[in-house]
file query-v9.cif (mmCIF, N, CA and C atoms)
data_run
loop_
_atom_site.label_atom_id
_atom_site.label_comp_id
_atom_site.auth_asym_id
_atom_site.auth_seq_id
_atom_site.Cartn_x
_atom_site.Cartn_y
_atom_site.Cartn_z
N MET A 222 107.83 163.12 16.73
CA MET A 222 107.70 163.25 18.17
C MET A 222 106.35 163.90 18.48
N THR A 223 105.64 163.34 19.41
CA THR A 223 104.37 163.93 19.81
C THR A 223 104.61 165.02 20.84
N LYS A 224 103.73 166.01 20.84
CA LYS A 224 103.80 167.12 21.79
C LYS A 224 102.41 167.38 22.33
N HIS A 225 102.35 168.04 23.45
CA HIS A 225 101.08 168.48 24.03
C HIS A 225 100.82 169.92 23.60
N TYR A 226 99.54 170.27 23.45
CA TYR A 226 99.15 171.61 23.05
C TYR A 226 98.07 172.13 23.98
N ILE A 227 98.07 173.43 24.18
CA ILE A 227 96.98 174.11 24.89
C ILE A 227 96.40 175.10 23.89
N GLY A 228 95.11 175.03 23.67
CA GLY A 228 94.48 175.90 22.69
C GLY A 228 93.82 177.11 23.33
N THR A 229 93.81 178.18 22.59
CA THR A 229 93.08 179.37 23.02
C THR A 229 92.33 179.91 21.81
N LYS A 230 91.03 179.95 21.93
CA LYS A 230 90.17 180.47 20.86
C LYS A 230 89.07 181.29 21.50
N ASN A 231 88.67 182.34 20.83
CA ASN A 231 87.53 183.12 21.24
C ASN A 231 86.42 182.78 20.26
N VAL A 232 85.38 182.11 20.72
CA VAL A 232 84.30 181.66 19.85
C VAL A 232 82.96 182.22 20.33
N LEU A 233 82.02 182.24 19.43
CA LEU A 233 80.63 182.58 19.76
C LEU A 233 79.87 181.26 19.80
N ALA A 234 79.12 181.02 20.85
CA ALA A 234 78.41 179.74 20.97
C ALA A 234 77.04 179.94 21.60
N TRP A 235 76.14 179.02 21.30
CA TRP A 235 74.80 179.06 21.89
C TRP A 235 74.35 177.61 22.10
N PRO A 236 73.55 177.38 23.14
CA PRO A 236 73.06 176.02 23.40
C PRO A 236 72.24 175.52 22.22
N GLU A 237 72.45 174.26 21.88
CA GLU A 237 71.71 173.67 20.77
C GLU A 237 71.62 172.16 20.99
N VAL A 238 70.44 171.61 20.75
CA VAL A 238 70.24 170.16 20.86
C VAL A 238 70.40 169.56 19.46
N LYS A 239 71.19 168.49 19.38
CA LYS A 239 71.40 167.80 18.10
C LYS A 239 71.22 166.31 18.33
N ASP A 240 70.33 165.70 17.58
CA ASP A 240 70.03 164.27 17.72
C ASP A 240 69.69 163.91 19.16
N GLY A 241 68.96 164.80 19.84
CA GLY A 241 68.53 164.55 21.21
C GLY A 241 69.59 164.78 22.26
N LYS A 242 70.78 165.24 21.86
CA LYS A 242 71.88 165.47 22.81
C LYS A 242 72.10 166.96 23.00
N GLU A 243 72.29 167.35 24.28
CA GLU A 243 72.58 168.75 24.57
C GLU A 243 74.00 169.07 24.13
N GLY A 244 74.16 170.28 23.62
CA GLY A 244 75.48 170.72 23.18
C GLY A 244 75.46 172.19 22.85
N TYR A 245 76.43 172.58 22.06
CA TYR A 245 76.56 173.97 21.66
C TYR A 245 76.86 174.06 20.18
N ALA A 246 76.20 174.99 19.50
CA ALA A 246 76.62 175.39 18.17
C ALA A 246 77.76 176.37 18.39
N VAL A 247 78.82 176.23 17.62
CA VAL A 247 80.02 177.03 17.83
C VAL A 247 80.38 177.72 16.52
N LYS A 248 80.53 179.05 16.58
CA LYS A 248 80.94 179.82 15.40
C LYS A 248 82.32 180.38 15.66
N TYR A 249 83.26 180.04 14.79
CA TYR A 249 84.65 180.48 14.92
C TYR A 249 84.85 181.82 14.21
N SER A 250 85.97 182.46 14.48
CA SER A 250 86.23 183.80 13.95
C SER A 250 86.27 183.83 12.43
N ASP A 251 86.59 182.70 11.78
CA ASP A 251 86.61 182.66 10.32
C ASP A 251 85.24 182.37 9.71
N GLY A 252 84.21 182.26 10.58
CA GLY A 252 82.85 182.02 10.12
C GLY A 252 82.44 180.56 10.11
N TYR A 253 83.38 179.65 10.28
CA TYR A 253 83.08 178.22 10.33
C TYR A 253 82.20 177.93 11.54
N THR A 254 81.16 177.11 11.34
CA THR A 254 80.25 176.75 12.43
C THR A 254 80.26 175.23 12.60
N SER A 255 80.28 174.79 13.85
CA SER A 255 80.24 173.36 14.15
C SER A 255 79.37 173.14 15.38
N TRP A 256 79.25 171.90 15.78
CA TRP A 256 78.49 171.54 16.97
C TRP A 256 79.38 170.72 17.88
N SER A 257 79.25 170.94 19.18
CA SER A 257 80.06 170.23 20.16
C SER A 257 79.17 169.73 21.29
N PRO A 258 79.38 168.49 21.76
CA PRO A 258 78.61 168.01 22.92
C PRO A 258 78.87 168.92 24.12
N LYS A 259 77.86 169.04 24.97
CA LYS A 259 77.92 169.95 26.12
C LYS A 259 79.15 169.72 26.99
N ASP A 260 79.41 168.47 27.37
CA ASP A 260 80.54 168.20 28.27
C ASP A 260 81.88 168.53 27.63
N VAL A 261 82.03 168.23 26.36
CA VAL A 261 83.27 168.52 25.64
C VAL A 261 83.48 170.03 25.55
N PHE A 262 82.41 170.74 25.17
CA PHE A 262 82.51 172.19 25.02
C PHE A 262 82.84 172.86 26.35
N GLU A 263 82.12 172.48 27.40
CA GLU A 263 82.31 173.14 28.69
C GLU A 263 83.66 172.81 29.31
N ALA A 264 84.27 171.69 28.93
CA ALA A 264 85.62 171.36 29.41
C ALA A 264 86.68 172.18 28.68
N ALA A 265 86.35 172.65 27.47
CA ALA A 265 87.34 173.35 26.65
C ALA A 265 87.23 174.87 26.69
N TYR A 266 86.07 175.40 27.04
CA TYR A 266 85.85 176.84 26.97
C TYR A 266 85.38 177.42 28.29
N ILE A 267 85.74 178.67 28.52
CA ILE A 267 85.33 179.42 29.71
C ILE A 267 84.34 180.49 29.26
N ASP A 268 83.20 180.56 29.89
CA ASP A 268 82.16 181.56 29.58
C ASP A 268 82.66 182.95 29.97
N ILE A 269 82.68 183.87 29.00
CA ILE A 269 83.07 185.26 29.32
C ILE A 269 81.89 186.22 29.15
N GLY A 270 80.70 185.67 28.99
CA GLY A 270 79.50 186.50 28.94
C GLY A 270 79.28 187.16 27.60
N HIS A 271 78.47 188.20 27.62
CA HIS A 271 78.12 188.94 26.41
C HIS A 271 79.11 190.09 26.24
N VAL A 272 80.06 189.91 25.34
CA VAL A 272 81.10 190.93 25.14
C VAL A 272 81.12 191.46 23.71
N GLY A 273 80.13 191.08 22.91
CA GLY A 273 80.10 191.48 21.51
C GLY A 273 80.05 192.98 21.29
N HIS A 274 79.59 193.73 22.29
CA HIS A 274 79.52 195.18 22.16
C HIS A 274 80.88 195.85 22.40
N LEU A 275 81.84 195.09 22.91
CA LEU A 275 83.17 195.64 23.20
C LEU A 275 84.09 195.48 22.00
N PRO A 276 85.04 196.41 21.84
CA PRO A 276 86.03 196.23 20.77
C PRO A 276 86.91 195.01 21.08
N PRO A 277 87.52 194.42 20.05
CA PRO A 277 88.29 193.19 20.24
C PRO A 277 89.36 193.26 21.34
N HIS A 278 90.05 194.38 21.46
CA HIS A 278 91.11 194.45 22.48
C HIS A 278 90.52 194.39 23.89
N GLN A 279 89.31 194.92 24.08
CA GLN A 279 88.67 194.85 25.39
C GLN A 279 88.08 193.45 25.63
N GLN A 280 87.58 192.82 24.57
CA GLN A 280 87.12 191.44 24.70
C GLN A 280 88.26 190.54 25.17
N ARG A 281 89.47 190.79 24.64
CA ARG A 281 90.62 189.98 25.04
C ARG A 281 90.95 190.17 26.52
N VAL A 282 90.79 191.39 27.03
CA VAL A 282 91.04 191.64 28.46
C VAL A 282 90.04 190.86 29.31
N VAL A 283 88.77 190.86 28.90
CA VAL A 283 87.74 190.10 29.62
C VAL A 283 88.09 188.61 29.60
N GLY A 284 88.50 188.11 28.44
CA GLY A 284 88.89 186.71 28.32
C GLY A 284 90.12 186.39 29.15
N GLU A 285 91.08 187.30 29.15
CA GLU A 285 92.30 187.10 29.94
C GLU A 285 91.98 186.98 31.43
N LYS A 286 91.07 187.84 31.92
CA LYS A 286 90.69 187.78 33.34
C LYS A 286 89.95 186.48 33.64
N ALA A 287 89.07 186.06 32.75
CA ALA A 287 88.34 184.81 32.97
C ALA A 287 89.29 183.61 33.04
N GLU A 288 90.26 183.56 32.13
CA GLU A 288 91.24 182.48 32.15
C GLU A 288 92.09 182.52 33.42
N LEU A 289 92.53 183.71 33.78
CA LEU A 289 93.34 183.86 34.99
C LEU A 289 92.55 183.45 36.23
N ASP A 290 91.31 183.89 36.32
CA ASP A 290 90.48 183.54 37.48
C ASP A 290 90.25 182.03 37.56
N ASP A 291 90.08 181.38 36.41
CA ASP A 291 89.92 179.93 36.38
C ASP A 291 91.18 179.25 36.93
N LYS A 292 92.34 179.72 36.51
CA LYS A 292 93.60 179.15 37.00
C LYS A 292 93.78 179.42 38.49
N LEU A 293 93.40 180.62 38.92
CA LEU A 293 93.54 180.97 40.34
C LEU A 293 92.64 180.09 41.22
N ILE A 294 91.42 179.85 40.77
CA ILE A 294 90.51 178.96 41.51
C ILE A 294 91.12 177.56 41.63
N LYS A 295 91.69 177.07 40.54
CA LYS A 295 92.31 175.74 40.56
C LYS A 295 93.53 175.72 41.47
N LEU A 296 94.35 176.77 41.43
CA LEU A 296 95.54 176.82 42.28
C LEU A 296 95.16 176.89 43.75
N THR A 297 94.22 177.76 44.10
CA THR A 297 93.83 177.87 45.51
C THR A 297 93.16 176.58 45.99
N GLY A 298 92.45 175.91 45.11
CA GLY A 298 91.88 174.61 45.46
C GLY A 298 92.97 173.58 45.72
N PHE A 299 94.02 173.61 44.91
CA PHE A 299 95.13 172.68 45.07
C PHE A 299 95.88 172.93 46.38
N ILE A 300 95.98 174.20 46.76
CA ILE A 300 96.71 174.56 47.98
C ILE A 300 96.10 173.87 49.20
N GLY A 301 94.85 173.54 49.17
CA GLY A 301 94.22 172.88 50.31
C GLY A 301 94.26 171.36 50.28
N THR A 302 95.03 170.78 49.36
CA THR A 302 95.02 169.32 49.22
C THR A 302 96.18 168.64 49.95
N PRO A 303 96.05 167.35 50.18
CA PRO A 303 97.15 166.59 50.78
C PRO A 303 98.41 166.59 49.90
N ILE A 304 98.25 166.62 48.59
CA ILE A 304 99.42 166.67 47.70
C ILE A 304 100.22 167.93 47.98
N PHE A 305 99.53 169.07 48.09
CA PHE A 305 100.20 170.33 48.40
C PHE A 305 100.92 170.22 49.74
N ALA A 306 100.23 169.66 50.72
CA ALA A 306 100.83 169.52 52.06
C ALA A 306 102.09 168.68 52.03
N GLY A 307 102.21 167.79 51.05
CA GLY A 307 103.39 166.94 50.93
C GLY A 307 104.56 167.58 50.21
N LEU A 308 104.35 168.76 49.64
CA LEU A 308 105.44 169.48 48.96
C LEU A 308 106.35 170.11 50.00
N ASP A 309 107.61 170.34 49.59
CA ASP A 309 108.52 170.99 50.55
C ASP A 309 108.08 172.43 50.78
N GLU A 310 108.52 173.00 51.88
CA GLU A 310 108.08 174.33 52.30
C GLU A 310 108.40 175.41 51.28
N LEU A 311 109.55 175.32 50.62
CA LEU A 311 109.91 176.33 49.62
C LEU A 311 108.92 176.32 48.46
N GLU A 312 108.58 175.13 47.99
CA GLU A 312 107.61 175.04 46.88
C GLU A 312 106.24 175.51 47.33
N GLN A 313 105.83 175.18 48.53
CA GLN A 313 104.55 175.68 49.04
C GLN A 313 104.57 177.21 49.07
N GLY A 314 105.67 177.79 49.51
CA GLY A 314 105.78 179.25 49.56
C GLY A 314 105.71 179.87 48.18
N ARG A 315 106.38 179.25 47.20
CA ARG A 315 106.33 179.77 45.83
C ARG A 315 104.91 179.72 45.28
N MET A 316 104.21 178.65 45.58
CA MET A 316 102.84 178.53 45.08
C MET A 316 101.91 179.53 45.75
N ARG A 317 102.09 179.76 47.02
CA ARG A 317 101.28 180.79 47.71
C ARG A 317 101.60 182.18 47.15
N GLU A 318 102.88 182.43 46.89
CA GLU A 318 103.27 183.71 46.30
C GLU A 318 102.66 183.85 44.91
N GLN A 319 102.69 182.78 44.13
CA GLN A 319 102.07 182.79 42.81
C GLN A 319 100.59 183.16 42.92
N ALA A 320 99.89 182.58 43.87
CA ALA A 320 98.46 182.87 44.06
C ALA A 320 98.26 184.34 44.41
N ARG A 321 99.13 184.89 45.24
CA ARG A 321 99.00 186.32 45.60
C ARG A 321 99.19 187.21 44.37
N PHE A 322 100.21 186.89 43.55
CA PHE A 322 100.44 187.68 42.34
C PHE A 322 99.28 187.54 41.36
N MET A 323 98.76 186.33 41.23
CA MET A 323 97.63 186.11 40.34
C MET A 323 96.42 186.91 40.79
N LEU A 324 96.19 186.98 42.10
CA LEU A 324 95.07 187.75 42.63
C LEU A 324 95.25 189.24 42.33
N ALA A 325 96.47 189.75 42.52
CA ALA A 325 96.74 191.16 42.22
C ALA A 325 96.53 191.44 40.73
N TYR A 326 97.00 190.55 39.89
CA TYR A 326 96.84 190.66 38.44
C TYR A 326 95.36 190.65 38.08
N SER A 327 94.59 189.74 38.67
CA SER A 327 93.16 189.67 38.42
C SER A 327 92.45 190.95 38.85
N ASN A 328 92.84 191.48 40.00
CA ASN A 328 92.23 192.74 40.47
C ASN A 328 92.54 193.89 39.52
N THR A 329 93.76 193.92 38.97
CA THR A 329 94.13 194.96 38.01
C THR A 329 93.29 194.83 36.74
N LEU A 330 93.14 193.61 36.24
CA LEU A 330 92.30 193.41 35.06
C LEU A 330 90.85 193.80 35.35
N GLY A 331 90.37 193.48 36.55
CA GLY A 331 89.01 193.86 36.94
C GLY A 331 88.82 195.37 36.94
N ALA A 332 89.82 196.10 37.41
CA ALA A 332 89.75 197.56 37.40
C ALA A 332 89.73 198.10 35.97
N ARG A 333 90.52 197.49 35.11
CA ARG A 333 90.51 197.91 33.70
C ARG A 333 89.14 197.66 33.08
N ILE A 334 88.57 196.49 33.34
CA ILE A 334 87.26 196.14 32.77
C ILE A 334 86.18 197.08 33.29
N ALA A 335 86.26 197.43 34.56
CA ALA A 335 85.27 198.35 35.15
C ALA A 335 85.31 199.72 34.47
N ALA A 336 86.46 200.07 33.90
CA ALA A 336 86.60 201.37 33.24
C ALA A 336 86.13 201.36 31.79
N PHE A 337 85.77 200.19 31.25
CA PHE A 337 85.30 200.11 29.86
C PHE A 337 83.99 200.84 29.72
#
call {"tool": "encode", "arguments": {"input": "query-v9.cif", "output": "structure tokens"}}
result
Amino acid sequence: MTKHYIGTKNVLAWPEVKDGKEGYAVKYSDGYTSWSPKDVFEAAYIDIGHVGHLPPHQQRVVGEKAELDDKLIKLTGFIGTPIFAGLDELEQGRMREQARFMLAYSNTLGARIAAF
């Protein structure tokens, strides 16, 4: 049986041109290095900036906030669509409530990061 998967990896990457194509060199936590085309890489990873100076547990908090903010942007964007308008009122309310909780969660993570 086939299943769908969502991956989460924290990688180190830098822009690199290979065979005339823009992309990224990618170094994984086990030291393995590969190259990925720019569009593929940017669709799979969220930029969390320069966090190498932070301990791993704080890097994870920064990554968690970046992922959450990405989801929140997508949810709030969806709330303004005709598809959302076609949902029943209870589901619309649940989604708006979800967005409020996500914003509060993001603000809490932001406060934690500011204290690093």
call {"tool": "resolve_selection", "arguments": {"input": "query-v9.cif", "expression": "the PyMOL selection byres (((chain A and resi 294-296 and name CA) around 10) and name CA)", "output": "list in words"}}
result
Leu289, Asp290, Asp291, Lys292, Leu293, Thr297, Gly298, Phe299, Ile300, Gly301, Met316, Arg317, Gln319, Ala320, Met323 and Leu324 of chain A
call {"tool": "resolve_selection", "arguments": {"input": "query-v9.cif", "expression": "the PyMOL selection byres (((chain A and resi 229 and name CA) around 10) and name CA)", "output": "count of residues only"}}
result
10
call {"tool": "closest_residue", "arguments": {"input": "query-v9.cif", "among": "A:Val283, A:Lys259, A:Leu233, A:Ile334", "to": "Tyr245 of chain A", "atoms": "all atoms listed in the file"}}
result
A:Lys259
call {"tool": "atom_distance", "arguments": {"input": "query-v9.cif", "atom1": "atom C of Ser255 of chain A", "atom2": "atom CA of Val238 of chain A"}}
result
11.1 Å
call {"tool": "atom_distance", "arguments": {"input": "query-v9.cif", "atom1": "atom CA of Asp251 of chain A", "atom2": "atom CA of Gly273 of chain A"}}
result
15.7 Å
call {"tool": "closest_residue", "arguments": {"input": "query-v9.cif", "among": "A:Phe262, A:His278, A:Pro303, A:His225", "to": "Glu243 of chain A", "atoms": "only C-alpha atoms"}}
result
A:Phe262
call {"tool": "atom_distance", "arguments": {"input": "query-v9.cif", "atom1": "atom CA of Ser257 of chain A", "atom2": "atom CA of Glu285 of chain A"}}
result
23.0 Å
call {"tool": "select_by_dssp", "arguments": {"input": "query-v9.cif", "residues": "chain A", "states": "strand (DSSP E or B)", "output": "MDAnalysis selection string"}}
result
chainID A and resid 233:239 242:248 254:258
call {"tool": "closest_residue", "arguments": {"input": "query-v9.cif", "among": "A:Ile304, A:Ile269, A:Val282, A:Met222", "to": "Arg333 of chain A", "atoms": "only N, CA and C atoms"}}
result
A:Val282
call {"tool": "select_by_dssp", "arguments": {"input": "query-v9.cif", "residues": "chain A", "states": "helix (DSSP H, G or I)", "output": "PyMOL selection string"}}
result
chain A and resi 259-265+277-300+303-306+310-335
